Amino acid sequence: MTLPKLLKSQSTVRFQDCDPYGHLYNSKYIDYFMNAREDQLLENYNLDIYALQSTEGIGWVVAQNQIAYLQPALLMEKVWITTKIIDHSTKMITVEFQMWNTDESILKALMWSRFVHYDLKTKRSAPHAQKFQEMFTLVRHPVDENSFDERVKSVRQ
């Protein structure tokens with residue numbers, strides 16, 4: 001089975017998420033990214049993270065977000081959101097999020113999020129099950145840069 005490494009979906013910037021100038025609020029970029037990722041996981045990998053919480057008692061919690069706002073996303077603008085796993089370990093995954101304009105010529109925002117695998121029963125981080133380690137290895141899409149700042153500098157050029 002071949003799974004896509006880069007996941008992509010479109011969103012529309014909504015009125016309630018914008019400031020009086022019609023710019024997407026900074027905090028809302030994270031909401032748009034996370035909502036897109038959840039939908040993409042279900043659509044592309046048949047991975048329902050909420051079902052896993054109730055059936056297996058596991059999930060992922062955000063340990064860190066790093067975000068760069070490069071160009072404003074505007075009221076009622078359609079944007080593409082791409083996500084990919086750029087790194088993973090026994091208990092952690094790092095996902096890169098990008099928000100693009102409609103023709104994907106302008107990168108609006110870039111975010112790296114580190115998620116820690118969490119066992120709801122023990123209330124502690126836990127190693128990923130073998131099935132997840134295998135999936136992460138298949139879909140991992142690393143970047144050349146070693147730090148977030150290097151990545152932002154690279155994509156700006």
# chains A, B, ... in the order shown; residues from 1 in each chain; ligands from 1
>>> residues_around(residues="stretch 97-102 of chain A", least_positions_apart="3", cutoff="9 Å", atoms="only C-alpha atoms", output="compact mmCIF listing (two decimals) with C-alpha atoms, in the first residue's frame")
# COMPACT_ATOMS: atom_id res chain seq x y z
CA GLN A 10 -8.29 23.70 0.93
CA TYR A 29 -3.52 29.95 11.84
CA PHE A 33 -3.58 24.00 10.48
CA MET A 34 -4.79 21.55 13.15
CA ARG A 37 -4.41 17.93 9.62
CA ALA A 73 -4.30 35.30 4.83
CA GLU A 77 -9.56 33.83 0.63
CA LYS A 78 -9.26 30.20 -0.32
CA VAL A 79 -5.97 28.76 0.94
CA TRP A 80 -4.21 25.44 0.50
CA ILE A 81 -2.87 23.78 3.63
CA THR A 82 -0.20 21.12 3.29
CA THR A 83 1.08 18.91 6.08
CA LYS A 84 3.79 16.29 6.35
CA SER A 105 2.68 31.01 -5.50
CA ILE A 106 2.70 32.74 -2.10
CA LEU A 107 3.53 30.97 1.14
CA LYS A 108 1.51 32.64 3.87
CA ALA A 109 2.64 30.73 6.96
CA LEU A 110 4.91 27.90 8.01
CA MET A 111 4.61 25.95 11.25
CA TRP A 112 6.41 23.07 12.89
CA SER A 113 4.52 21.19 15.61
>>> select_by_dssp(residues="stretch 34-141 of chain A", states="strand (DSSP E)", output="PyMOL selection string")
chain A and resi 58-69+78-88+92-100+107-119+124-125
>>> residues_around(residues="A:Phe136", least_positions_apart="6", cutoff="9 Å", atoms="only C-alpha atoms", output="ChimeraX atom specification")
/A:85,87-88,93
>>> residues_around(residues="A:Trp60", least_positions_apart="4", cutoff="10 Å", atoms="only C-alpha atoms", output="mmCIF file with N, CA, C and O atoms, in the first residue's frame")
data_model
loop_
_atom_site.group_PDB
_atom_site.id
_atom_site.type_symbol
_atom_site.label_atom_id
_atom_site.label_comp_id
_atom_site.auth_asym_id
_atom_site.auth_seq_id
_atom_site.Cartn_x
_atom_site.Cartn_y
_atom_site.Cartn_z
ATOM 1 N N ILE A 49 -8.158 10.130 14.903
ATOM 2 C CA ILE A 49 -7.458 10.289 16.181
ATOM 3 C C ILE A 49 -8.422 10.313 17.366
ATOM 4 O O ILE A 49 -8.039 9.950 18.476
ATOM 5 N N GLN A 53 -8.638 7.609 20.746
ATOM 6 C CA GLN A 53 -8.724 7.999 22.154
ATOM 7 C C GLN A 53 -9.726 7.127 22.899
ATOM 8 O O GLN A 53 -9.448 6.663 24.000
ATOM 9 N N LYS A 91 8.516 8.205 20.656
ATOM 10 C CA LYS A 91 7.382 8.826 21.338
ATOM 11 C C LYS A 91 6.938 10.162 20.731
ATOM 12 O O LYS A 91 6.056 10.815 21.276
ATOM 13 N N MET A 92 7.529 10.578 19.618
ATOM 14 C CA MET A 92 7.281 11.918 19.114
ATOM 15 C C MET A 92 7.190 11.945 17.599
ATOM 16 O O MET A 92 7.816 11.135 16.924
ATOM 17 N N ILE A 93 6.386 12.889 17.072
ATOM 18 C CA ILE A 93 6.395 13.196 15.645
ATOM 19 C C ILE A 93 6.481 14.710 15.488
ATOM 20 O O ILE A 93 5.968 15.463 16.322
ATOM 21 N N ARG A 114 5.468 19.783 17.264
ATOM 22 C CA ARG A 114 5.963 18.528 17.825
ATOM 23 C C ARG A 114 4.851 17.941 18.683
ATOM 24 O O ARG A 114 4.325 18.590 19.574
ATOM 25 N N PHE A 115 4.480 16.702 18.360
ATOM 26 C CA PHE A 115 3.424 15.985 19.070
ATOM 27 C C PHE A 115 4.038 14.822 19.843
ATOM 28 O O PHE A 115 4.819 14.053 19.281
ATOM 29 N N VAL A 116 3.646 14.691 21.091
ATOM 30 C CA VAL A 116 4.105 13.589 21.931
ATOM 31 C C VAL A 116 2.977 12.570 22.035
ATOM 32 O O VAL A 116 1.816 12.927 22.269
ATOM 33 N N HIS A 117 3.328 11.309 21.837
ATOM 34 C CA HIS A 117 2.359 10.224 21.965
ATOM 35 C C HIS A 117 2.014 10.071 23.435
ATOM 36 O O HIS A 117 2.891 10.040 24.296
ATOM 37 N N TYR A 118 0.721 9.956 23.724
ATOM 38 C CA TYR A 118 0.238 10.031 25.101
ATOM 39 C C TYR A 118 -0.712 8.881 25.390
ATOM 40 O O TYR A 118 -1.614 8.587 24.600
ATOM 41 N N ASP A 119 -0.496 8.242 26.531
ATOM 42 C CA ASP A 119 -1.355 7.153 27.001
ATOM 43 C C ASP A 119 -2.344 7.741 28.005
ATOM 44 O O ASP A 119 -1.936 8.235 29.070
ATOM 45 N N LEU A 120 -3.625 7.716 27.662
ATOM 46 C CA LEU A 120 -4.639 8.321 28.520
ATOM 47 C C LEU A 120 -4.845 7.552 29.824
ATOM 48 O O LEU A 120 -5.288 8.129 30.819
ATOM 49 N N SER A 125 3.602 10.047 28.620
ATOM 50 C CA SER A 125 4.018 9.757 27.246
ATOM 51 C C SER A 125 4.286 8.261 27.134
ATOM 52 O O SER A 125 4.622 7.605 28.130
ATOM 53 N N ALA A 126 4.124 7.756 25.934
ATOM 54 C CA ALA A 126 4.276 6.308 25.718
ATOM 55 C C ALA A 126 4.850 6.073 24.332
ATOM 56 O O ALA A 126 4.648 6.880 23.422
ATOM 57 N N HIS A 128 5.160 4.760 20.597
ATOM 58 C CA HIS A 128 4.193 4.466 19.541
ATOM 59 C C HIS A 128 4.103 2.954 19.335
ATOM 60 O O HIS A 128 5.108 2.248 19.434
#
>>> select_by_dssp(residues="chain A", states="alpha helix (DSSP H)", output="count of residues only")
47
>>> closest_residue(among="A:Gln16, A:Ser154, A:Thr94, A:Ser11", to="A:Gln64", atoms="only C-alpha atoms")
A:Thr94
>>> atom_distance(atom1="atom CA of A:Pro127", atom2="atom CA of A:Glu150")
29.1 Å
>>> closest_residue(among="A:Met76, A:Lys131, A:His141, A:Lys153", to="A:Leu47", atoms="only C-alpha atoms")
A:Lys131
>>> closest_residue(among="A:Leu3, A:Val95, A:Val139, A:Leu70", to="A:Asn44", atoms="only C-alpha atoms")
A:Leu3
>>> closest_residue(among="A:Glu96, A:Ser89, A:Leu6, A:Leu24", to="A:Gln130", atoms="only C-alpha atoms")
A:Ser89
